[in-house]
Each structure stands twice: as structure tokens, then as C-alpha cells.
Amino acid sequence: MIVVLGATGAIGGAVARRLAQQGVPFRAVVRRAGVDVPGAEVVRADLDDPASLPAALAGAEQLFLNAGGAVPADGEQPMVAQQVAAVDAAVAAGVRHIVKISVQGATPGRPLAVGAHAGIEAHLAASGLEDTVLRPSGFFQNLLTGVSAFTDEGDLLDPYDGGAVGYLDADDIGAVAAAALTGAAPRGGVHTLTGPRLLTHDDLAGALAPVLGRRVGVVPLPPDEVVAFLVDRGLSATFAQDVAELSRGAAAGELAELTDAVERLTGRPPRDVTDFVAEHADDLRRVVPQPV
Ligand SMILES: NC(=O)c1ccc[n+]([C@@H]2O[C@H](COP(=O)([O-])OP(=O)(O)OC[C@H]3O[C@@H](n4cnc5c(N)ncnc54)[C@H](OP(=O)(O)O)[C@@H]3O)[C@@H](O)[C@H]2O)c1
């Protein structure tokens with residue numbers, strides 16, 4: 001049995017859709033009552049309540065481990081305790097293989113998710129379970145969900161000072177995870193996942209313009225100004241400083257990396273940002289502020 005955590009999320013949803021399409025039996029763990037995941041046996045459990053996990057993992061051979069997309073505004077990161085609890089419960093339940101979603105450049109001691117994922121990866125490596133670690137670059141989905149990605153006038157804010165990122169579609173991350181879970185791709189390894197090309201904020205604005213039907217400007221938000229900007233928008237100073245540190249890294253080219261892992265592990269190339277904006281055109285027109 002494959003257990004999928006976060007099946008209502010962007011990546012977990014893509015995993016669940018693929019398993020269902022392929023007729024692979026799986027169990028989806030959800031937090032709320034009344035949530036349906038097509039093709040799955042649905043069980044309720046919450047990573048904040050470790051006592052709920054043994055029943056969710058009973059009889060499982062594999063676990064897809066992902067949860068918690070957003071870092072709370074106060075900067076406190078619950079992800080480590082949540083995912084460590086999931087790994088421990090998986091060991092106790094006799095799970096053999098975990099596919100974990102991490103982040104590009106996961107490194108102990110770095111801020112926010114970059115350091116948090118490194119800690120979880122280390123715990124997973126020490127667990128004795130077989131593990132496949134997927135370290136994605138930034139998601140196209142951040143255009144829909146990213147905190148403060150746009151100005152109130154609908155221009156794109158660039159805190160990376162022109163630094164490029166190998167953004168990709170969360171759906172492709174789900175495709176790689178599903179391949180590792182079904183045996184279509186080999187188990188094991190640490191894979192950095194990226195899209196097909198490096199993109200600056202100018203490139204993102206260029207991709208958005210035809211879909212939004214207008215020119216999309218790019219407004220520099222130098223890393224040194226990120227703190228004041230985010231605090232002004234109600235986020236904590238600690239969180240804002242952490243974002244600024246990661247932005248400085250991106251501005252210095254830390255995220256300007258491309259890999260062939262999506263194509264190597266799924267047999268098809270990753271989707272381009274033009275595919276993403278076309279598919280999500282209605283959502284983008286609804287979410288992105290429009291100039292008055
Ligand atoms: N955004 C990026 O650019 C980026 C880049 C690299 C890596 N990442 C990593 O990607 C991950 C986020 O993936 P995503 O975008 O697929 O997330 P997402 O869409 O926000 O989905 C999160 C899923 O986790 C579930 N969940 C949250 N808290 C839970 C809990 N306490 N117990 C059980 N389930 C819980 C959610 O359930 P509900 O539906 O009930 O909320 C949802 O199904 C994070 O670890 C992040 O660090 C993000």
C-alpha cells in the first residue's frame with residue numbers, strides 16, 4: 001500500500017491523480033472531514049497529532065511525505081516536528097520506502113524551509129528506511145500563491161536583483177514522485193528538480209503579459225529593502241530577515257541551476273512557464289492585481 005500525505009496540495013494532488021489514473025491502490029491522508037480524493041482510500045490524520053498517524057500508516061509499504069506549503073507569518077516553522085513525526089510513525093508501521101519533497105539547496109542552518117528540509121532529510125537518512133529525496137526549485141504555482149509577488153498595480157516584484165531560477169511546475173514534481181512510488185523510476189537518490197530553462201523575473205513578466213492582456217512591469221525590490229517591505233505588509237521581522245537572506249543568495253546566482261532529472265525520471269521534459277500560464281490563465285487573471 002502507498003500512503004500519500006498532503007494529497008489535497010499542489011504536489012500531493014498531482015501524485016494522487018497519477019496513481020488513480022494508473023489504477024494503483026493508495027491511501028490519502030487528509031485533515032478535514034468530507035474531503036474526497038478520487039481513486040483513494042481516504043483516512044483522516046494530522047501531522048500535528050502524532051497519535052493519529054499509526055492508523056493512517058497501518059499496512060503501508062511506501063509513504064509520500066509532503067505537507068505544509070506556507071511558512072507562517074511569525075516565522076515559526078512547524079514542518080520539522082511534523083515530518084519527523086511522520087518518519088518515526090513510518091518506521092514503527094513497517095514502511096520500507098519514503099519519497100520526500102525537500103527543496104533545492106537544502107542545507108543545515110540556512111533559514112526557513114532550506115534549513116528545515118535539511119534537518120528532515122538527515123532524520124530520514126538516519127531512519128534506516130529507503131528514501132528518495134526530491135529537491136525542487138521554485139514553483140510556477142508561486143505566481144498564484146506567493147506572498148507579495150506583485151505590487152498593488154499588478155507589476156512583478158523582483159527581490160532577486162535579476163537572479164535567475166530554474167522554476168518548474170509542481171505537477172512535474174508530482175510526476176517524478178509518482179514514478180518513484182510505482183517503480184517507473186528507480187528508487188533512491190537525492191534529485192534536484194528544475195524546469196526546462198532558467199527564468200528571471202523579466203522572463204516571468206514576459207510570459208504573463210499575453211495571458212493578462214497587458215504589459216507586466218518588473219519592480220526591483222533589492223534584498224536590503226525586503227525586510228522593510230515585508231514588515232510593512234504585516235510579516236514578522238525575523239521571517240523578513242530570513243527571506244532577505246535567501247533573496248541575497250538568489251541574487252548571487254545560487255538558484256541558477258538546471259538539471260535533467262524530471263525528464264530522466266519521468267521520460268518526458270518538464271513543462272515550460274508558457275504551458276503553465278496558459279493552463280492557469282483564468283486563475284492568474286483573478287489573482288494578479290490589475291492596474292486601475
Ligand atoms: N513553493 C516553492 O517554490 C517551493 C520550492 C521548493 C520546495 N517547496 C516545498 O514544497 C512543500 C509544499 O508543497 P505544496 O506546494 O504541494 O504544498 P501545498 O499545496 O500547500 O499542500 C500542503 C498539503 O499538506 C497538507 N497538510 C498541511 N499541514 C498538514 C498537517 N498538519 N497534517 C496533515 N496534512 C497537512 C495540506 O492539507 P490541507 O489541504 O488540509 O491544508 C495539503 O494537502 C514545502 O515543503 C515547501 O518547502 C516549495
# chains A, B, ... in the order shown; residues from 1 in each chain; ligands from 1

$ residues_around --residues "stretch 200-207 of chain A" --least-positions-apart "4" --cutoff "7 Å" --atoms "only C-alpha atoms" --output "ChimeraX atom specification"
/A:156,158,162-165,216-218,273-274

$ write_last_selection --atoms "N, CA and C atoms" --output "CSV table (one decimal), in the first residue's frame"
chain,number,residue,atom,x,y,z
A,156,LEU,N,5.3,42.8,-11.3
A,156,LEU,CA,6.0,41.7,-10.6
A,156,LEU,C,7.2,42.3,-9.7
A,158,ASP,N,10.7,42.0,-7.9
A,158,ASP,CA,11.9,41.2,-8.1
A,158,ASP,C,12.9,41.4,-6.9
A,162,GLY,N,17.5,40.4,-10.4
A,162,GLY,CA,17.7,39.8,-11.8
A,162,GLY,C,18.3,38.4,-11.8
A,163,GLY,N,18.4,37.8,-10.6
A,163,GLY,CA,18.9,36.5,-10.5
A,163,GLY,C,17.9,35.5,-11.1
A,164,ALA,N,18.4,34.5,-11.8
A,164,ALA,CA,17.6,33.5,-12.5
A,164,ALA,C,17.3,32.3,-11.6
A,165,VAL,N,16.2,31.6,-11.9
A,165,VAL,CA,15.8,30.4,-11.1
A,165,VAL,C,15.3,29.4,-12.1
A,216,VAL,N,3.4,43.7,-18.3
A,216,VAL,CA,3.6,43.5,-16.8
A,216,VAL,C,5.0,44.0,-16.5
A,217,GLY,N,5.1,45.0,-15.7
A,217,GLY,CA,6.4,45.6,-15.3
A,217,GLY,C,7.1,44.8,-14.2
A,218,VAL,N,8.4,45.0,-14.1
A,218,VAL,CA,9.1,44.4,-13.0
A,218,VAL,C,9.7,45.5,-12.2
A,273,VAL,N,7.1,27.5,-18.5
A,273,VAL,CA,6.2,28.5,-17.9
A,273,VAL,C,5.1,28.9,-18.8
A,274,THR,N,5.3,28.9,-20.1
A,274,THR,CA,4.3,29.3,-21.1
A,274,THR,C,3.1,28.3,-21.0

$ select_by_dssp --residues "stretch 62-252 of chain A" --states "helix (DSSP H, G or I)" --output "number ranges by chain"
A: 79-93, 112-126, 142-145, 170-182, 201-212, 223-232, 237-251

$ residues_near_ligand --ligand "ligand 1" --cutoff "9 Å" --atoms "only C-alpha atoms and all ligand atoms" --output "PyMOL selection string"
chain A and resi 5-14+29-32+35+44-49+66-71+78-79+82+101-104+112-114+116-117+134-142+145-146+167-168+170-171+173-174

$ atom_distance --atom1 "atom CA of A:Gly195" --atom2 "atom CA of A:Arg264"
12.5 Å

$ select_by_dssp --residues "stretch 88-126 of chain A" --states "strand (DSSP E or B)" --output "MDAnalysis selection string"
chainID A and resid 97:101

$ closest_residue --among "A:Val84, A:Ser52, A:Asp282, A:Gly94" --to "A:Ala118" --atoms "only C-alpha atoms"
A:Val84

$ residues_around --residues "stretch 258-262 of chain A" --least-positions-apart "3" --cutoff "8 Å" --atoms "only C-alpha atoms" --output "list of chain:residue names"
A:Gly166, A:Asp172, A:Ile173, A:Val176, A:His191, A:Thr192, A:Leu193, A:Thr194, A:Gly195, A:Pro196, A:Arg197, A:Leu198, A:Leu265, A:Thr266, A:Gly267, A:Arg268, A:Pro269, A:Pro270

$ closest_residue --among "A:Leu212, A:Ala244, A:Val42, A:Ala33" --to "A:Pro291" --atoms "only C-alpha atoms"
A:Leu212

$ residues_around --residues "A:Leu221" --least-positions-apart "2" --cutoff "9 Å" --atoms "only C-alpha atoms" --output "PyMOL selection string"
chain A and resi 157-161+219+223-226+229

$ write_last_selection --atoms "C-alpha atoms" --output "compact mmCIF listing (two decimals), in the first residue's frame"
# COMPACT_ATOMS: atom_id res chain seq x y z
CA LEU A 157 8.33 42.39 -7.61
CA ASP A 158 11.90 41.16 -8.09
CA PRO A 159 13.73 40.54 -4.81
CA TYR A 160 16.40 38.53 -6.66
CA ASP A 161 18.05 41.50 -8.38
CA VAL A 219 9.82 46.43 -9.92
CA PRO A 223 17.35 42.25 -0.87
CA ASP A 224 18.26 45.09 1.52
CA GLU A 225 14.74 46.52 1.13
CA VAL A 226 12.95 43.18 1.50
CA PHE A 229 8.70 45.79 2.67

$ residues_around --residues "A:Val91" --least-positions-apart "4" --cutoff "8 Å" --atoms "only C-alpha atoms" --output "PyMOL selection string"
chain A and resi 87+95-96+127+129

$ residues_around --residues "A:Glu41" --least-positions-apart "5" --cutoff "7 Å" --atoms "only C-alpha atoms" --output "list in words"
Phe26, Arg27 and Ala28 of chain A

$ closest_residue --among "A:Leu144, A:Val99, A:Val15, A:Val227" --to "A:Leu124" --atoms "only C-alpha atoms"
A:Val99

$ residues_around --residues "A:Ala90" --least-positions-apart "5" --cutoff "9 Å" --atoms "only C-alpha atoms" --output "list in words"
Leu53, Pro54, Leu57, Ala58, Ala60, Glu61, Gln62, Leu63, Ala85, Val95, Arg96, Ile98 and Leu129 of chain A

$ write_last_selection --atoms "all heavy atoms" --output "short mmCIF file (atom, residue, chain, number, x, y, z; two decimals), in the first residue's frame"
data_model
loop_
_atom_site.label_atom_id
_atom_site.label_comp_id
_atom_site.auth_asym_id
_atom_site.auth_seq_id
_atom_site.Cartn_x
_atom_site.Cartn_y
_atom_site.Cartn_z
N LEU A 53 -1.31 9.11 13.56
CA LEU A 53 -0.55 8.58 12.43
C LEU A 53 -0.50 7.06 12.32
O LEU A 53 -0.53 6.53 11.20
CB LEU A 53 0.87 9.17 12.43
CG LEU A 53 0.92 10.70 12.30
CD1 LEU A 53 2.36 11.20 12.38
CD2 LEU A 53 0.28 11.13 10.97
N PRO A 54 -0.40 6.31 13.43
CA PRO A 54 -0.30 4.85 13.27
C PRO A 54 -1.44 4.26 12.44
O PRO A 54 -1.20 3.41 11.56
CB PRO A 54 -0.30 4.33 14.71
CG PRO A 54 0.31 5.45 15.50
CD PRO A 54 -0.20 6.71 14.83
N LEU A 57 -1.03 4.89 8.75
CA LEU A 57 0.10 4.22 8.10
C LEU A 57 0.04 2.69 8.21
O LEU A 57 0.92 2.00 7.65
CB LEU A 57 1.42 4.72 8.70
CG LEU A 57 1.76 6.17 8.34
CD1 LEU A 57 2.86 6.72 9.23
CD2 LEU A 57 2.19 6.24 6.87
N ALA A 58 -0.96 2.18 8.89
CA ALA A 58 -1.03 0.73 9.10
C ALA A 58 -1.00 -0.02 7.76
O ALA A 58 -1.76 0.30 6.84
CB ALA A 58 -2.31 0.38 9.86
N ALA A 60 1.21 0.06 5.45
CA ALA A 60 1.81 0.78 4.31
C ALA A 60 3.21 0.24 4.00
O ALA A 60 3.96 -0.12 4.91
CB ALA A 60 1.90 2.26 4.62
N GLU A 61 3.53 0.20 2.73
CA GLU A 61 4.87 -0.20 2.30
C GLU A 61 5.67 1.02 1.87
O GLU A 61 6.89 1.07 2.02
CB GLU A 61 4.75 -1.19 1.14
CG GLU A 61 5.97 -2.08 0.92
CD GLU A 61 6.88 -1.57 -0.21
OE1 GLU A 61 6.36 -0.95 -1.17
OE2 GLU A 61 8.10 -1.78 -0.11
N GLN A 62 4.95 2.06 1.36
CA GLN A 62 5.61 3.28 0.90
C GLN A 62 4.83 4.50 1.40
O GLN A 62 3.61 4.45 1.56
CB GLN A 62 5.65 3.34 -0.62
CG GLN A 62 6.39 2.19 -1.29
CD GLN A 62 6.62 2.50 -2.75
OE1 GLN A 62 7.49 3.28 -3.09
NE2 GLN A 62 5.81 1.91 -3.61
N LEU A 63 5.57 5.60 1.59
CA LEU A 63 4.95 6.85 2.03
C LEU A 63 5.42 7.99 1.14
O LEU A 63 6.64 8.16 0.92
CB LEU A 63 5.35 7.14 3.49
CG LEU A 63 4.93 8.51 4.04
CD1 LEU A 63 3.42 8.65 4.13
CD2 LEU A 63 5.56 8.75 5.42
N ALA A 85 7.84 13.41 12.92
CA ALA A 85 6.81 12.52 13.48
C ALA A 85 6.33 11.53 12.42
O ALA A 85 6.11 10.35 12.72
CB ALA A 85 5.63 13.35 14.00
N VAL A 95 6.93 0.72 7.21
CA VAL A 95 7.11 1.28 5.87
C VAL A 95 8.53 1.01 5.40
O VAL A 95 9.47 1.01 6.20
CB VAL A 95 6.82 2.81 5.90
CG1 VAL A 95 7.28 3.50 4.61
CG2 VAL A 95 5.34 3.06 6.13
N ARG A 96 8.69 0.75 4.08
CA ARG A 96 10.03 0.43 3.56
C ARG A 96 10.68 1.60 2.81
O ARG A 96 11.89 1.73 2.77
CB ARG A 96 9.91 -0.76 2.58
CG ARG A 96 9.22 -1.98 3.17
CD ARG A 96 10.17 -2.81 4.01
NE ARG A 96 11.28 -3.33 3.23
CZ ARG A 96 11.23 -4.46 2.52
NH1 ARG A 96 10.11 -5.16 2.50
NH2 ARG A 96 12.28 -4.90 1.85
N ILE A 98 10.32 5.87 1.55
CA ILE A 98 9.67 7.19 1.62
C ILE A 98 10.16 8.06 0.47
O ILE A 98 11.36 8.14 0.20
CB ILE A 98 9.99 7.89 2.97
CG1 ILE A 98 9.31 7.15 4.12
CG2 ILE A 98 9.56 9.36 2.93
CD1 ILE A 98 9.46 7.83 5.49
N LEU A 129 15.26 3.69 6.62
CA LEU A 129 14.32 3.45 5.51
C LEU A 129 14.99 3.79 4.19
O LEU A 129 15.89 4.64 4.12
CB LEU A 129 13.06 4.30 5.67
CG LEU A 129 12.23 4.08 6.93
CD1 LEU A 129 10.97 4.94 6.88
CD2 LEU A 129 11.87 2.62 7.09
#

$ atom_distance --atom1 "atom CA of A:Ile120" --atom2 "atom CA of A:Val4"
17.4 Å

$ atom_distance --atom1 "atom CA of A:Val287" --atom2 "atom CA of A:Phe150"
10.0 Å

$ closest_residue --among "A:Gly249, A:Pro186, A:Gly213, A:Pro289" --to "A:Asp155" --atoms "only C-alpha atoms"
A:Pro289

$ decode --residues "stretch 136-267 of chain A" --atoms "C-alpha atoms" --output "JSON list (two decimals), in the first residue's frame"
[["chain", "number", "residue", "atom", "x", "y", "z"],
["A", 136, "PRO", "CA", 12.59, 21.10, -6.35],
["A", 137, "SER", "CA", 13.45, 24.60, -7.41],
["A", 138, "GLY", "CA", 10.81, 27.35, -7.11],
["A", 139, "PHE", "CA", 7.29, 26.55, -8.32],
["A", 140, "PHE", "CA", 5.38, 28.29, -11.12],
["A", 141, "GLN", "CA", 2.49, 27.99, -8.65],
["A", 142, "ASN", "CA", 4.09, 30.80, -6.59],
["A", 143, "LEU", "CA", 2.67, 33.17, -9.21],
["A", 144, "LEU", "CA", -0.75, 32.16, -7.89],
["A", 145, "THR", "CA", 0.03, 31.76, -4.20],
["A", 146, "GLY", "CA", 3.26, 33.63, -3.47],
["A", 147, "VAL", "CA", 3.18, 36.17, -0.68],
["A", 148, "SER", "CA", 3.74, 39.64, -2.05],
["A", 149, "ALA", "CA", 4.77, 38.54, -5.53],
["A", 150, "PHE", "CA", 3.09, 41.55, -7.15],
["A", 151, "THR", "CA", 2.71, 45.25, -6.44],
["A", 152, "ASP", "CA", -0.80, 46.57, -5.87],
["A", 153, "GLU", "CA", -0.65, 47.77, -9.51],
["A", 154, "GLY", "CA", 0.00, 44.25, -10.78],
["A", 155, "ASP", "CA", 3.69, 44.54, -11.55],
["A", 156, "LEU", "CA", 6.02, 41.74, -10.58],
["A", 157, "LEU", "CA", 8.33, 42.39, -7.61],
["A", 158, "ASP", "CA", 11.90, 41.16, -8.09],
["A", 159, "PRO", "CA", 13.73, 40.54, -4.81],
["A", 160, "TYR", "CA", 16.40, 38.53, -6.66],
["A", 161, "ASP", "CA", 18.05, 41.50, -8.38],
["A", 162, "GLY", "CA", 17.74, 39.84, -11.78],
["A", 163, "GLY", "CA", 18.92, 36.46, -10.47],
["A", 164, "ALA", "CA", 17.58, 33.51, -12.45],
["A", 165, "VAL", "CA", 15.77, 30.43, -11.12],
["A", 166, "GLY", "CA", 15.00, 27.08, -12.75],
["A", 167, "TYR", "CA", 11.29, 27.37, -11.83],
["A", 168, "LEU", "CA", 9.11, 24.34, -12.54],
["A", 169, "ASP", "CA", 5.52, 23.15, -12.36],
["A", 170, "ALA", "CA", 4.53, 21.38, -9.12],
["A", 171, "ASP", "CA", 2.71, 18.92, -11.37],
["A", 172, "ASP", "CA", 6.08, 17.74, -12.71],
["A", 173, "ILE", "CA", 7.32, 17.19, -9.16],
["A", 174, "GLY", "CA", 4.27, 15.01, -8.60],
["A", 175, "ALA", "CA", 5.07, 13.11, -11.79],
["A", 176, "VAL", "CA", 8.58, 12.31, -10.54],
["A", 177, "ALA", "CA", 7.26, 11.27, -7.12],
["A", 178, "ALA", "CA", 4.63, 9.01, -8.68],
["A", 179, "ALA", "CA", 7.28, 7.41, -10.89],
["A", 180, "ALA", "CA", 9.44, 6.66, -7.84],
["A", 181, "LEU", "CA", 6.45, 5.21, -5.97],
["A", 182, "THR", "CA", 5.23, 2.98, -8.82],
["A", 183, "GLY", "CA", 8.67, 1.71, -9.86],
["A", 184, "ALA", "CA", 8.59, 3.54, -13.21],
["A", 185, "ALA", "CA", 11.71, 5.35, -11.95],
["A", 186, "PRO", "CA", 14.37, 3.79, -9.75],
["A", 187, "ARG", "CA", 14.05, 4.30, -6.01],
["A", 188, "GLY", "CA", 16.68, 6.20, -4.06],
["A", 189, "GLY", "CA", 18.93, 9.19, -4.52],
["A", 190, "VAL", "CA", 18.72, 12.91, -3.96],
["A", 191, "HIS", "CA", 17.41, 14.67, -7.07],
["A", 192, "THR", "CA", 17.36, 18.41, -7.70],
["A", 193, "LEU", "CA", 14.33, 19.07, -9.90],
["A", 194, "THR", "CA", 14.10, 22.10, -12.18],
["A", 195, "GLY", "CA", 12.13, 23.31, -15.14],
["A", 196, "PRO", "CA", 13.47, 23.36, -18.70],
["A", 197, "ARG", "CA", 15.13, 26.82, -18.58],
["A", 198, "LEU", "CA", 16.38, 29.49, -16.23],
["A", 199, "LEU", "CA", 13.92, 32.35, -15.74],
["A", 200, "THR", "CA", 14.44, 35.85, -14.38],
["A", 201, "HIS", "CA", 11.55, 37.99, -13.20],
["A", 202, "ASP", "CA", 11.72, 39.75, -16.58],
["A", 203, "ASP", "CA", 11.12, 36.37, -18.23],
["A", 204, "LEU", "CA", 8.19, 35.65, -15.90],
["A", 205, "ALA", "CA", 6.68, 39.06, -16.65],
["A", 206, "GLY", "CA", 7.09, 38.38, -20.38],
["A", 207, "ALA", "CA", 5.24, 35.07, -20.04],
["A", 208, "LEU", "CA", 2.42, 36.65, -18.03],
["A", 209, "ALA", "CA", 1.80, 39.61, -20.33],
["A", 210, "PRO", "CA", -0.09, 37.83, -23.14],
["A", 211, "VAL", "CA", -2.26, 35.96, -20.65],
["A", 212, "LEU", "CA", -3.12, 39.10, -18.65],
["A", 213, "GLY", "CA", -3.55, 41.09, -21.84],
["A", 214, "ARG", "CA", -1.27, 43.93, -20.74],
["A", 215, "ARG", "CA", 2.34, 44.81, -20.16],
["A", 216, "VAL", "CA", 3.63, 43.48, -16.82],
["A", 217, "GLY", "CA", 6.37, 45.61, -15.29],
["A", 218, "VAL", "CA", 9.14, 44.37, -13.05],
["A", 219, "VAL", "CA", 9.82, 46.43, -9.92],
["A", 220, "PRO", "CA", 13.18, 45.78, -8.25],
["A", 221, "LEU", "CA", 12.94, 45.02, -4.55],
["A", 222, "PRO", "CA", 16.62, 44.86, -3.57],
["A", 223, "PRO", "CA", 17.35, 42.25, -0.87],
["A", 224, "ASP", "CA", 18.26, 45.09, 1.52],
["A", 225, "GLU", "CA", 14.74, 46.52, 1.13],
["A", 226, "VAL", "CA", 12.95, 43.18, 1.50],
["A", 227, "VAL", "CA", 12.81, 43.39, 5.31],
["A", 228, "ALA", "CA", 11.07, 46.77, 5.49],
["A", 229, "PHE", "CA", 8.70, 45.79, 2.67],
["A", 230, "LEU", "CA", 7.58, 42.53, 4.31],
["A", 231, "VAL", "CA", 7.30, 44.02, 7.80],
["A", 232, "ASP", "CA", 5.15, 46.77, 6.28],
["A", 233, "ARG", "CA", 2.91, 44.01, 4.91],
["A", 234, "GLY", "CA", 2.48, 42.54, 8.41],
["A", 235, "LEU", "CA", 5.11, 39.80, 8.45],
["A", 236, "SER", "CA", 7.49, 39.33, 11.38],
["A", 237, "ALA", "CA", 10.96, 40.91, 11.28],
["A", 238, "THR", "CA", 12.63, 37.52, 11.81],
["A", 239, "PHE", "CA", 10.77, 36.00, 8.92],
["A", 240, "ALA", "CA", 11.52, 39.02, 6.73],
["A", 241, "GLN", "CA", 15.24, 38.81, 7.53],
["A", 242, "ASP", "CA", 15.26, 35.14, 6.59],
["A", 243, "VAL", "CA", 13.55, 35.91, 3.29],
["A", 244, "ALA", "CA", 16.11, 38.66, 2.66],
["A", 245, "GLU", "CA", 18.98, 36.24, 3.24],
["A", 246, "LEU", "CA", 17.54, 33.74, 0.77],
["A", 247, "SER", "CA", 16.92, 36.57, -1.71],
["A", 248, "ARG", "CA", 20.57, 37.61, -1.48],
["A", 249, "GLY", "CA", 21.52, 34.02, -2.32],
["A", 250, "ALA", "CA", 19.22, 34.03, -5.35],
["A", 251, "ALA", "CA", 20.61, 37.41, -6.43],
["A", 252, "ALA", "CA", 24.11, 35.90, -6.20],
["A", 253, "GLY", "CA", 23.07, 33.09, -8.55],
["A", 254, "GLU", "CA", 22.55, 30.28, -6.00],
["A", 255, "LEU", "CA", 19.33, 29.15, -7.71],
["A", 256, "ALA", "CA", 20.59, 29.44, -11.29],
["A", 257, "GLU", "CA", 20.87, 25.70, -11.80],
["A", 258, "LEU", "CA", 19.21, 23.37, -14.32],
["A", 259, "THR", "CA", 19.05, 19.58, -14.14],
["A", 260, "ASP", "CA", 17.66, 16.88, -16.43],
["A", 261, "ALA", "CA", 16.10, 14.96, -13.52],
["A", 262, "VAL", "CA", 12.44, 15.44, -14.49],
["A", 263, "GLU", "CA", 12.99, 14.07, -17.98],
["A", 264, "ARG", "CA", 15.36, 11.34, -16.78],
["A", 265, "LEU", "CA", 12.91, 10.08, -14.14],
["A", 266, "THR", "CA", 9.60, 10.52, -15.99],
["A", 267, "GLY", "CA", 10.63, 10.07, -19.62]]
